[in-house]
file query-v9.txt (compact mmCIF, C-alpha atoms)
# COMPACT_ATOMS: atom_id res chain seq x y z
CA MET A 25 72.09 116.50 96.45
CA PRO A 26 75.38 114.85 95.45
CA ARG A 27 76.02 111.18 96.14
CA ALA A 28 79.20 109.47 97.38
CA PHE A 29 80.65 106.01 96.77
CA LEU A 30 83.53 104.92 99.03
CA VAL A 31 85.17 101.78 97.61
CA VAL A 32 87.74 99.84 99.66
CA MET A 33 89.96 97.50 97.65
CA ASP A 34 90.83 95.29 100.59
CA SER A 35 94.63 95.09 101.14
CA VAL A 36 95.62 97.01 97.98
CA GLY A 37 98.44 98.96 99.64
CA CYS A 38 101.12 101.00 97.92
CA GLY A 39 104.11 100.75 100.28
CA GLY A 40 105.91 103.50 102.10
CA ALA A 41 104.32 103.48 105.58
CA PRO A 42 106.77 105.39 107.81
CA ASP A 43 106.06 103.10 110.79
CA ALA A 44 106.27 99.81 108.87
CA GLY A 45 109.30 98.75 110.92
CA ALA A 46 107.09 98.40 114.00
CA PHE A 47 104.89 95.76 112.32
CA PHE A 48 105.93 92.23 111.51
CA ASN A 49 105.33 89.06 109.53
CA GLY A 50 106.92 86.57 111.88
CA ASP A 51 110.31 88.05 112.75
CA LEU A 52 110.50 90.20 109.60
CA PRO A 53 109.43 93.85 109.82
CA ASP A 54 107.13 95.18 107.10
CA THR A 55 109.70 97.78 106.03
CA GLY A 56 109.85 97.75 102.23
CA SER A 57 106.58 95.92 101.64
CA ASN A 58 104.66 97.30 98.66
CA THR A 59 101.63 95.34 97.48
CA LEU A 60 100.98 97.17 94.21
CA GLY A 61 104.60 97.96 93.40
CA HIS A 62 105.83 94.42 93.91
CA ILE A 63 102.94 92.91 91.94
CA ALA A 64 103.69 95.30 89.06
CA ALA A 65 107.36 94.32 89.20
CA ALA A 66 106.50 90.61 89.21
CA CYS A 67 104.28 91.10 86.17
CA ALA A 68 107.01 92.97 84.30
CA GLU A 69 109.52 90.22 85.08
CA GLY A 70 107.26 87.36 83.99
CA ARG A 71 106.73 86.07 87.55
CA ALA A 72 102.94 86.52 87.49
CA ASP A 73 101.94 84.74 84.29
CA GLU A 74 99.45 82.17 85.58
CA GLY A 75 96.21 83.03 83.81
CA ARG A 76 97.58 86.35 82.51
CA SER A 77 100.75 87.81 80.99
CA GLY A 78 102.72 91.00 80.48
CA LEU A 79 102.73 94.26 82.39
CA LEU A 80 100.08 94.92 85.03
CA LYS A 81 97.13 96.45 83.13
CA MET A 82 94.98 98.86 85.15
CA PRO A 83 94.25 101.74 82.74
CA ASN A 84 91.10 103.04 84.46
CA LEU A 85 92.54 103.46 87.95
CA ASP A 86 95.91 104.51 86.54
CA ALA A 87 94.15 107.33 84.69
CA LEU A 88 92.80 108.53 88.04
CA GLY A 89 96.32 108.51 89.51
CA LEU A 90 97.22 104.98 90.66
CA GLY A 91 100.79 104.95 89.33
CA ALA A 92 101.34 108.50 90.53
CA ALA A 93 100.12 107.50 94.02
CA ILE A 94 102.63 104.63 94.17
CA ARG A 95 105.43 106.99 93.13
CA LEU A 96 104.34 109.52 95.76
CA SER A 97 104.26 106.80 98.44
CA THR A 98 107.57 105.08 97.71
CA GLY A 99 109.54 107.29 95.31
CA ALA A 100 109.66 104.37 92.85
CA ARG A 101 107.89 103.80 89.55
CA ALA A 102 105.50 100.86 89.17
CA GLU A 103 106.01 99.12 85.83
CA GLY A 104 103.10 99.72 83.45
CA LEU A 105 101.42 102.39 85.59
CA ASP A 106 102.61 105.64 84.05
CA ALA A 107 99.46 107.55 83.12
CA LEU A 108 99.18 111.29 83.66
CA PRO A 109 96.56 111.60 86.44
CA GLU A 110 93.19 112.98 85.44
CA GLY A 111 91.42 112.50 88.77
CA LEU A 112 91.96 113.44 92.37
CA TRP A 113 94.83 111.40 93.79
CA GLY A 114 97.20 110.95 96.69
CA VAL A 115 97.99 108.44 99.44
CA ALA A 116 96.90 107.95 103.04
CA GLU A 117 98.60 106.51 106.11
CA GLU A 118 97.10 105.02 109.25
CA VAL A 119 97.64 106.05 112.88
CA SER A 120 95.67 103.22 114.56
CA PRO A 121 97.95 100.67 116.25
CA GLY A 122 97.07 97.75 114.00
CA LYS A 123 97.06 96.57 110.40
CA ASP A 124 93.74 94.75 110.57
CA THR A 125 90.37 95.14 108.90
CA PRO A 126 88.40 96.93 111.67
CA SER A 127 91.23 99.39 112.42
CA GLY A 128 91.59 100.35 108.78
CA HIS A 129 87.89 100.70 108.03
CA TRP A 130 86.99 102.54 111.22
CA GLU A 131 89.77 105.05 110.64
CA LEU A 132 88.81 105.47 106.98
CA ALA A 133 85.34 106.30 108.31
CA GLY A 134 86.74 108.96 110.63
CA LEU A 135 87.37 106.99 113.85
CA PRO A 136 90.96 105.97 114.73
CA VAL A 137 91.11 103.00 117.10
CA PRO A 138 91.79 104.17 120.68
CA TRP A 139 93.10 100.86 122.05
CA ASP A 140 95.50 98.00 121.35
CA TRP A 141 93.80 94.87 120.05
CA HIS A 142 94.22 91.52 121.77
CA TYR A 143 96.06 88.96 119.65
CA PHE A 144 96.47 85.22 120.18
CA THR A 145 100.20 85.15 119.58
CA GLU A 146 101.00 81.48 120.20
CA THR A 147 100.95 79.60 116.88
CA SER A 148 99.85 76.36 118.57
CA GLY A 149 97.87 76.07 121.76
CA SER A 150 96.69 79.57 120.89
CA PHE A 151 93.66 80.01 123.15
CA PRO A 152 93.42 80.37 126.94
CA ALA A 153 91.63 77.58 128.81
CA GLU A 154 88.77 79.88 129.76
CA VAL A 155 88.09 80.73 126.10
CA ILE A 156 88.06 77.06 125.13
CA ALA A 157 85.73 76.29 128.04
CA LYS A 158 83.33 79.04 126.95
CA VAL A 159 83.22 77.67 123.38
CA CYS A 160 82.49 74.18 124.67
CA GLU A 161 79.82 75.48 127.04
CA ILE A 162 77.98 77.35 124.29
CA ALA A 163 78.44 74.63 121.63
CA GLY A 164 77.57 71.78 124.02
CA THR A 165 80.73 69.84 123.15
CA ASP A 166 83.49 68.20 125.16
CA GLY A 167 86.27 69.93 123.23
CA ILE A 168 87.41 71.86 120.18
CA LEU A 169 89.67 71.09 117.23
CA GLY A 170 92.46 73.31 115.97
CA ASN A 171 93.50 75.76 118.68
CA GLU A 172 96.21 77.18 116.44
CA HIS A 173 97.20 79.70 113.79
CA ALA A 174 96.06 78.33 110.43
CA SER A 175 94.83 79.01 106.93
CA GLY A 176 91.09 78.46 106.80
CA THR A 177 91.10 76.26 103.72
CA GLU A 178 94.04 74.19 104.99
CA ILE A 179 92.63 73.54 108.46
CA ILE A 180 89.24 72.55 107.07
CA ALA A 181 90.90 70.08 104.70
CA ARG A 182 93.01 68.67 107.54
CA LEU A 183 90.45 68.54 110.35
CA GLY A 184 87.08 68.54 108.56
CA GLU A 185 86.56 64.78 108.70
CA ARG A 186 87.52 64.65 112.39
CA HIS A 187 85.09 67.55 112.97
CA GLU A 188 82.25 65.56 111.41
CA GLU A 189 83.13 62.49 113.47
CA THR A 190 83.28 64.32 116.82
CA GLY A 191 80.96 67.28 116.32
CA TRP A 192 83.67 69.52 117.79
CA PRO A 193 84.04 72.99 116.19
CA ILE A 194 87.31 73.87 114.43
CA CYS A 195 88.75 76.96 116.14
CA TYR A 196 91.72 78.87 114.76
CA THR A 197 93.23 82.33 114.51
CA SER A 198 95.92 84.28 112.66
CA ALA A 199 98.14 87.28 113.17
CA ASP A 200 94.94 89.38 113.13
CA SER A 201 92.80 89.99 116.20
CA VAL A 202 90.30 87.27 115.29
CA PHE A 203 88.75 84.06 116.61
CA GLN A 204 87.49 81.92 113.72
CA ILE A 205 85.18 78.91 113.96
CA ALA A 206 84.72 76.53 111.04
CA ALA A 207 81.91 73.99 110.98
CA HIS A 208 80.06 71.88 108.42
CA GLU A 209 76.74 73.39 107.39
CA GLU A 210 74.93 70.04 107.40
CA SER A 211 76.52 67.85 110.08
CA PHE A 212 77.08 70.69 112.59
CA GLY A 213 74.42 73.06 111.26
CA LEU A 214 74.72 76.57 109.88
CA ASP A 215 72.26 78.08 112.36
CA ARG A 216 74.06 76.38 115.23
CA LEU A 217 77.41 77.77 114.07
CA LEU A 218 76.01 81.28 113.79
CA ARG A 219 74.40 81.06 117.23
CA LEU A 220 77.70 79.85 118.68
CA CYS A 221 79.65 82.76 117.19
CA GLU A 222 77.04 85.33 118.18
CA ALA A 223 76.95 84.09 121.78
CA LEU A 224 80.74 83.87 122.04
CA ALA A 225 81.41 87.31 120.53
CA PRO A 226 80.67 89.46 123.63
CA HIS A 227 83.18 87.46 125.68
CA LEU A 228 85.92 87.91 123.06
CA HIS A 229 85.04 91.58 122.51
CA ALA A 230 85.54 92.19 126.23
CA MET A 231 89.11 90.99 125.68
CA LYS A 232 89.42 93.46 122.75
CA VAL A 233 89.46 90.69 120.17
CA GLY A 234 88.21 92.44 117.06
CA ARG A 235 86.09 89.76 115.41
CA VAL A 236 84.57 86.34 115.88
CA ILE A 237 84.14 84.87 112.40
CA ALA A 238 81.84 82.00 111.40
CA ARG A 239 83.44 79.95 108.60
CA PRO A 240 80.87 77.41 107.35
CA PHE A 241 81.78 74.76 104.80
CA THR A 242 80.08 71.93 102.93
CA GLY A 243 80.95 68.85 100.93
CA PRO A 244 82.30 65.35 101.58
CA PRO A 245 85.76 64.60 103.01
CA GLY A 246 88.49 65.54 100.57
CA LEU A 247 86.16 67.95 98.75
CA TYR A 248 85.28 70.44 101.48
CA GLU A 249 84.51 73.96 100.30
CA ARG A 250 83.81 77.11 102.29
CA THR A 251 80.45 78.68 101.51
CA GLY A 252 79.30 82.26 101.10
CA ASN A 253 77.57 82.19 104.50
CA ARG A 254 80.55 83.61 106.38
CA ARG A 255 79.50 85.98 109.15
CA ASP A 256 81.72 88.42 111.03
CA TYR A 257 80.73 89.40 114.57
CA ALA A 258 82.79 92.55 115.05
CA ILE A 259 83.30 94.63 118.14
CA GLU A 260 81.18 97.78 117.96
CA PRO A 261 83.02 101.00 117.07
CA PRO A 262 83.65 103.08 120.21
CA GLY A 263 82.40 106.28 118.59
CA THR A 264 80.50 107.55 115.58
CA THR A 265 81.63 106.94 112.02
CA LEU A 266 80.79 108.12 108.52
CA LEU A 267 77.88 105.65 108.39
CA ASP A 268 76.44 107.09 111.62
CA TRP A 269 76.86 110.65 110.39
CA ALA A 270 74.99 109.83 107.17
CA THR A 271 72.10 108.05 108.84
CA SER A 272 71.80 110.74 111.52
CA ALA A 273 71.39 113.27 108.73
CA GLY A 274 68.59 111.20 107.20
CA ARG A 275 70.65 109.91 104.28
CA THR A 276 70.21 106.48 102.74
CA THR A 277 73.21 104.15 103.07
CA TYR A 278 74.17 101.10 101.04
CA THR A 279 76.77 98.72 102.47
CA ILE A 280 78.37 96.34 99.98
CA GLY A 281 80.43 93.31 101.00
CA LYS A 282 81.47 92.96 104.63
CA ILE A 283 80.98 96.63 105.59
CA ARG A 284 77.89 95.80 107.65
CA ASP A 285 79.86 93.23 109.66
CA ILE A 286 82.89 95.49 110.20
CA PHE A 287 80.72 98.23 111.70
CA ALA A 288 78.58 95.82 113.74
CA GLY A 289 75.52 96.85 111.75
CA ARG A 290 75.64 100.52 112.77
CA GLY A 291 74.40 102.75 109.98
CA ALA A 292 74.41 99.82 107.56
CA GLY A 293 71.16 100.61 105.72
CA HIS A 294 70.75 98.38 102.65
CA VAL A 295 73.09 95.36 102.98
CA LEU A 296 74.40 93.71 99.80
CA LYS A 297 76.75 90.73 100.18
CA GLY A 298 78.37 88.05 98.04
CA PRO A 299 81.55 87.29 96.10
CA ASP A 300 83.39 90.17 94.45
CA ARG A 301 81.77 89.58 91.05
CA ASP A 302 78.34 90.03 92.61
CA LEU A 303 79.57 93.05 94.57
CA MET A 304 80.66 94.74 91.35
CA SER A 305 77.11 94.30 90.01
CA TYR A 306 75.70 95.76 93.23
CA LEU A 307 78.02 98.76 92.98
CA SER A 308 76.92 99.31 89.38
CA GLN A 309 73.26 99.10 90.44
CA CYS A 310 73.83 101.64 93.21
CA VAL A 311 75.39 104.06 90.71
CA GLU A 312 72.30 103.66 88.54
CA THR A 313 69.60 103.86 91.23
CA ALA A 314 70.87 105.16 94.60
CA GLU A 315 68.99 108.15 95.98
CA ASP A 316 70.25 111.72 95.90
CA GLY A 317 72.45 112.44 98.92
CA SER A 318 73.11 108.74 99.61
CA LEU A 319 76.30 107.05 100.75
CA THR A 320 77.45 103.73 99.27
CA PHE A 321 80.29 102.07 101.21
CA ALA A 322 81.81 98.97 99.58
CA ASN A 323 84.53 96.46 100.42
CA PHE A 324 85.98 94.10 97.80
CA VAL A 325 87.61 91.44 99.97
CA GLU A 326 88.99 88.87 97.54
CA PHE A 327 92.26 90.75 96.86
CA ASP A 328 93.03 89.96 100.50
CA SER A 329 91.24 86.71 101.27
CA LEU A 330 91.96 84.76 98.09
CA TYR A 331 95.32 86.13 96.98
CA GLY A 332 97.14 88.24 99.58
CA HIS A 333 97.09 85.82 102.51
CA ARG A 334 97.82 82.92 100.16
CA ARG A 335 100.76 84.80 98.61
CA ASP A 336 99.35 84.23 95.13
CA VAL A 337 101.00 86.92 93.01
CA SER A 338 99.42 85.88 89.71
CA GLY A 339 95.98 85.60 91.27
CA TYR A 340 96.29 89.02 92.88
CA ALA A 341 97.37 90.53 89.53
CA ARG A 342 94.46 88.86 87.74
CA HIS A 343 92.01 90.23 90.28
CA LEU A 344 93.44 93.75 90.01
CA GLU A 345 93.05 93.61 86.23
CA TRP A 346 89.53 92.18 86.49
CA PHE A 347 88.52 94.92 88.94
CA ASP A 348 89.97 97.66 86.75
CA ALA A 349 88.28 96.33 83.61
CA GLN A 350 84.91 96.14 85.36
CA ILE A 351 85.13 99.54 87.03
CA GLY A 352 85.42 101.39 83.73
CA SER A 353 81.71 101.18 82.91
CA VAL A 354 80.82 102.01 86.53
CA LEU A 355 82.90 105.18 86.38
CA ASN A 356 81.30 106.15 83.08
CA ALA A 357 77.82 105.89 84.64
CA LEU A 358 78.54 108.39 87.46
CA ARG A 359 76.61 111.65 87.52
CA PRO A 360 78.59 114.89 87.24
CA ASP A 361 78.22 115.71 90.94
CA ASP A 362 78.92 112.16 92.20
CA LEU A 363 82.12 111.30 94.07
CA MET A 364 83.59 107.80 93.77
CA LEU A 365 86.67 107.37 95.93
CA PHE A 366 88.91 104.28 95.87
CA THR A 367 91.25 103.35 98.70
CA ALA A 368 92.39 100.39 100.84
CA ASP A 369 92.49 99.45 104.52
CA HIS A 370 96.06 98.04 104.73
CA GLY A 371 98.48 96.10 102.54
CA ASN A 372 98.92 92.36 101.97
CA ASP A 373 102.00 92.07 99.77
CA PRO A 374 101.84 88.63 98.09
CA THR A 375 105.61 88.71 97.48
CA TRP A 376 106.34 89.19 101.20
CA PRO A 377 107.34 86.38 103.59
CA GLY A 378 104.61 85.15 105.92
CA THR A 379 100.87 85.30 105.44
CA ASP A 380 99.89 88.41 107.43
CA HIS A 381 98.82 91.86 106.29
CA THR A 382 101.57 94.39 105.65
CA ARG A 383 101.71 97.91 107.09
CA GLU A 384 101.54 100.24 104.08
CA ARG A 385 100.17 103.50 102.88
CA VAL A 386 97.13 103.16 100.64
CA PRO A 387 96.14 104.90 97.41
CA VAL A 388 93.52 107.63 97.38
CA LEU A 389 91.91 107.92 93.94
CA ALA A 390 88.69 109.69 93.07
CA LYS A 391 86.49 110.60 90.16
CA GLY A 392 84.08 113.47 90.64
CA PRO A 393 83.94 117.26 90.61
CA TYR A 394 87.52 117.45 91.94
CA SER A 395 91.01 116.78 90.57
CA GLY A 396 94.68 117.21 91.40
CA GLN A 397 97.09 115.87 93.99
CA VAL A 398 96.07 115.83 97.66
CA GLY A 399 99.46 114.64 98.92
CA VAL A 400 100.00 112.33 101.90
CA ARG A 401 96.94 112.34 104.11
CA GLY A 402 95.57 110.46 107.12
CA PHE A 403 93.03 107.66 106.78
CA ALA A 404 90.50 109.76 108.70
CA ASP A 405 90.78 112.53 106.08
CA ILE A 406 89.03 110.19 103.65
CA GLY A 407 85.93 109.96 105.85
CA ALA A 408 86.01 113.72 106.41
CA SER A 409 86.23 114.33 102.66
CA VAL A 410 83.31 112.05 101.84
CA ALA A 411 81.30 113.78 104.57
CA ALA A 412 82.19 117.18 103.14
CA HIS A 413 81.08 116.12 99.67
CA LEU A 414 77.74 114.97 101.09
CA GLY A 415 77.33 118.13 103.15
CA LEU A 416 77.29 116.25 106.47
CA PRO A 417 78.04 118.31 109.60
CA ASP A 418 80.15 115.59 111.28
CA ARG A 419 83.75 115.09 110.08
CA GLY A 420 85.28 112.90 112.82
CA ALA A 421 89.03 113.00 113.43
CA GLY A 422 89.95 113.93 109.86
CA GLU A 423 90.21 117.02 107.71
CA SER A 424 88.64 117.20 104.26
CA PHE A 425 91.00 117.48 101.29
CA LEU A 426 88.23 118.52 98.89

call {"tool": "encode", "arguments": {"input": "query-v9.txt", "output": "structure tokens"}}
result
Amino acid sequence: MPRAFLVVMDSVGCGGAPDAGAFFNGDLPDTGSNTLGHIAAACAEGRADEGRSGLLKMPNLDALGLGAAIRLSTGARAEGLDALPEGLWGVAEEVSPGKDTPSGHWELAGLPVPWDWHYFTETSGSFPAEVIAKVCEIAGTDGILGNEHASGTEIIARLGERHEETGWPICYTSADSVFQIAAHEESFGLDRLLRLCEALAPHLHAMKVGRVIARPFTGPPGLYERTGNRRDYAIEPPGTTLLDWATSAGRTTYTIGKIRDIFAGRGAGHVLKGPDRDLMSYLSQCVETAEDGSLTFANFVEFDSLYGHRRDVSGYARHLEWFDAQIGSVLNALRPDDLMLFTADHGNDPTWPGTDHTRERVPVLAKGPYSGQVGVRGFADIGASVAAHLGLPDRGAGESFL
């Protein structure tokens, strides 16, 4: 039986979303945002030369159709991405009313989000009194720190020492539907932080807050560093997804990166987590050893978490080039009847004002027993296509383009 590998390059959008004007970074609509196109332009103009230089170099994905997908999405050429497509290629646009991680991934897996998420819109004094009281009750503290929109690294640097002095958890949010809690692994305790987030999650999920995220850190004051023990407690999908369809059919699933957390563990199978460099090794191992008929679902988050939100154009370009260089040998190891499909869950244009995701179309690129242009599709068509390749009876809300 054929195998399938669905690889999400988190936030690697390609512009052109027709409803971008309804989504904002602060007061600025996302109209005109273009993560890949603007990074390519910055590279060509010498504005992304920290740790790299010259045009954006992504020959492996460009050969599948990356540059062609950007042109299809926006009508504009991306500097340095001019290859004649050899793979299956196109773009996809989202219908779910959000530009967040769960919305994008659920819809990619065949399940558009049927509700509006709850957001904490106030940038300071962000949380209702009843939410703060619930955190204090579960944590056994007299208060919290933060209560604002913030960058995780910045708020830990600013409030970490006060956190260690008081024992109060650092609570913060962003433009996403999230409630994040940072705490020191030693002085507060990693297990205690995870128990706090797990116990709090049902209360936030009832409000339609998408995720409660544990953000542990270590180190002395002035040298705090977040660890790899992050845990996302996501609201459970309200219907079945590609992972459910595969497991219901008796197929083995491998979830790489934060996929297990995004889908609240449903259909997660073998769970492989770590930084992106480790995830690339896991993906390569799955190509070598995964069972016939299996589904591997991967998310590479560092495009988004390390470079998009921080508006680091050079860093984002470096990571794109690293990913492309590494994926070459993975593609070469695929079996003739394997499908490896690359896409994204939203944009996060590092040249754009603000720090939020951007509403964009995403590339659809695949290597396997298919080729040619698939045009502009819906996110859910990706899940339906992977299901069709695997011979699964469920196809969700999408229509296969294979």

call {"tool": "atom_distance", "arguments": {"input": "query-v9.txt", "atom1": "CA of Leu389 (chain A)", "atom2": "CA of Asp328 (chain A)"}}
result
19.2 Å

call {"tool": "closest_residue", "arguments": {"input": "query-v9.txt", "among": "A:Gly392, A:Pro126, A:Pro193, A:Gly39", "to": "Cys221 (chain A)", "atoms": "all atoms listed in the file"}}
result
A:Pro193

call {"tool": "atom_distance", "arguments": {"input": "query-v9.txt", "atom1": "CA of Glu222 (chain A)", "atom2": "CA of Ile168 (chain A)"}}
result
17.1 Å

call {"tool": "residues_around", "arguments": {"input": "query-v9.txt", "residues": "region 94-111 of chain A", "least_positions_apart": "6", "cutoff": "7 Å", "atoms": "all atoms listed in the file", "output": "JSON, numbers by chain"}}
result
{"A": [38, 39, 40, 61, 64, 65, 68, 79, 80, 81, 86, 87, 88, 385, 389, 390, 391, 395, 396]}

call {"tool": "closest_residue", "arguments": {"input": "query-v9.txt", "among": "A:Gly352, A:Pro26, A:Gly407, A:Pro299", "to": "Leu85 (chain A)", "atoms": "all atoms listed in the file"}}
result
A:Gly352

call {"tool": "residues_around", "arguments": {"input": "query-v9.txt", "residues": "Asp215 (chain A)", "least_positions_apart": "3", "cutoff": "12 Å", "atoms": "all atoms listed in the file", "output": "list in words"}}
result
Ala163, Ala207, His208, Glu209, Glu210, Ser211, Phe212, Leu218, Arg219, Leu220, Cys221, Glu222, Ala238, Arg239, Pro240, Asn253, Arg254 and Arg255 of chain A

call {"tool": "write_last_selection", "arguments": {"input": "query-v9.txt", "atoms": "C-alpha atoms", "output": "compact mmCIF listing (two decimals), keeping the file's coordinate frame"}}
result
# COMPACT_ATOMS: atom_id res chain seq x y z
CA ALA A 163 78.44 74.63 121.63
CA ALA A 207 81.91 73.99 110.98
CA HIS A 208 80.06 71.88 108.42
CA GLU A 209 76.74 73.39 107.39
CA GLU A 210 74.93 70.04 107.40
CA SER A 211 76.52 67.85 110.08
CA PHE A 212 77.08 70.69 112.59
CA LEU A 218 76.01 81.28 113.79
CA ARG A 219 74.40 81.06 117.23
CA LEU A 220 77.70 79.85 118.68
CA CYS A 221 79.65 82.76 117.19
CA GLU A 222 77.04 85.33 118.18
CA ALA A 238 81.84 82.00 111.40
CA ARG A 239 83.44 79.95 108.60
CA PRO A 240 80.87 77.41 107.35
CA ASN A 253 77.57 82.19 104.50
CA ARG A 254 80.55 83.61 106.38
CA ARG A 255 79.50 85.98 109.15

call {"tool": "closest_residue", "arguments": {"input": "query-v9.txt", "among": "A:Ala357, A:Val337, A:Ala66, A:Ala181", "to": "Gln309 (chain A)", "atoms": "all atoms listed in the file"}}
result
A:Ala357

call {"tool": "residues_around", "arguments": {"input": "query-v9.txt", "residues": "Gly184 (chain A)", "least_positions_apart": "2", "cutoff": "10 Å", "atoms": "only C-alpha atoms", "output": "number ranges by chain"}}
result
A: 169, 177-182, 186-189, 191-194, 206-208, 241-248

call {"tool": "atom_distance", "arguments": {"input": "query-v9.txt", "atom1": "CA of Thr165 (chain A)", "atom2": "CA of Ala288 (chain A)"}}
result
27.7 Å
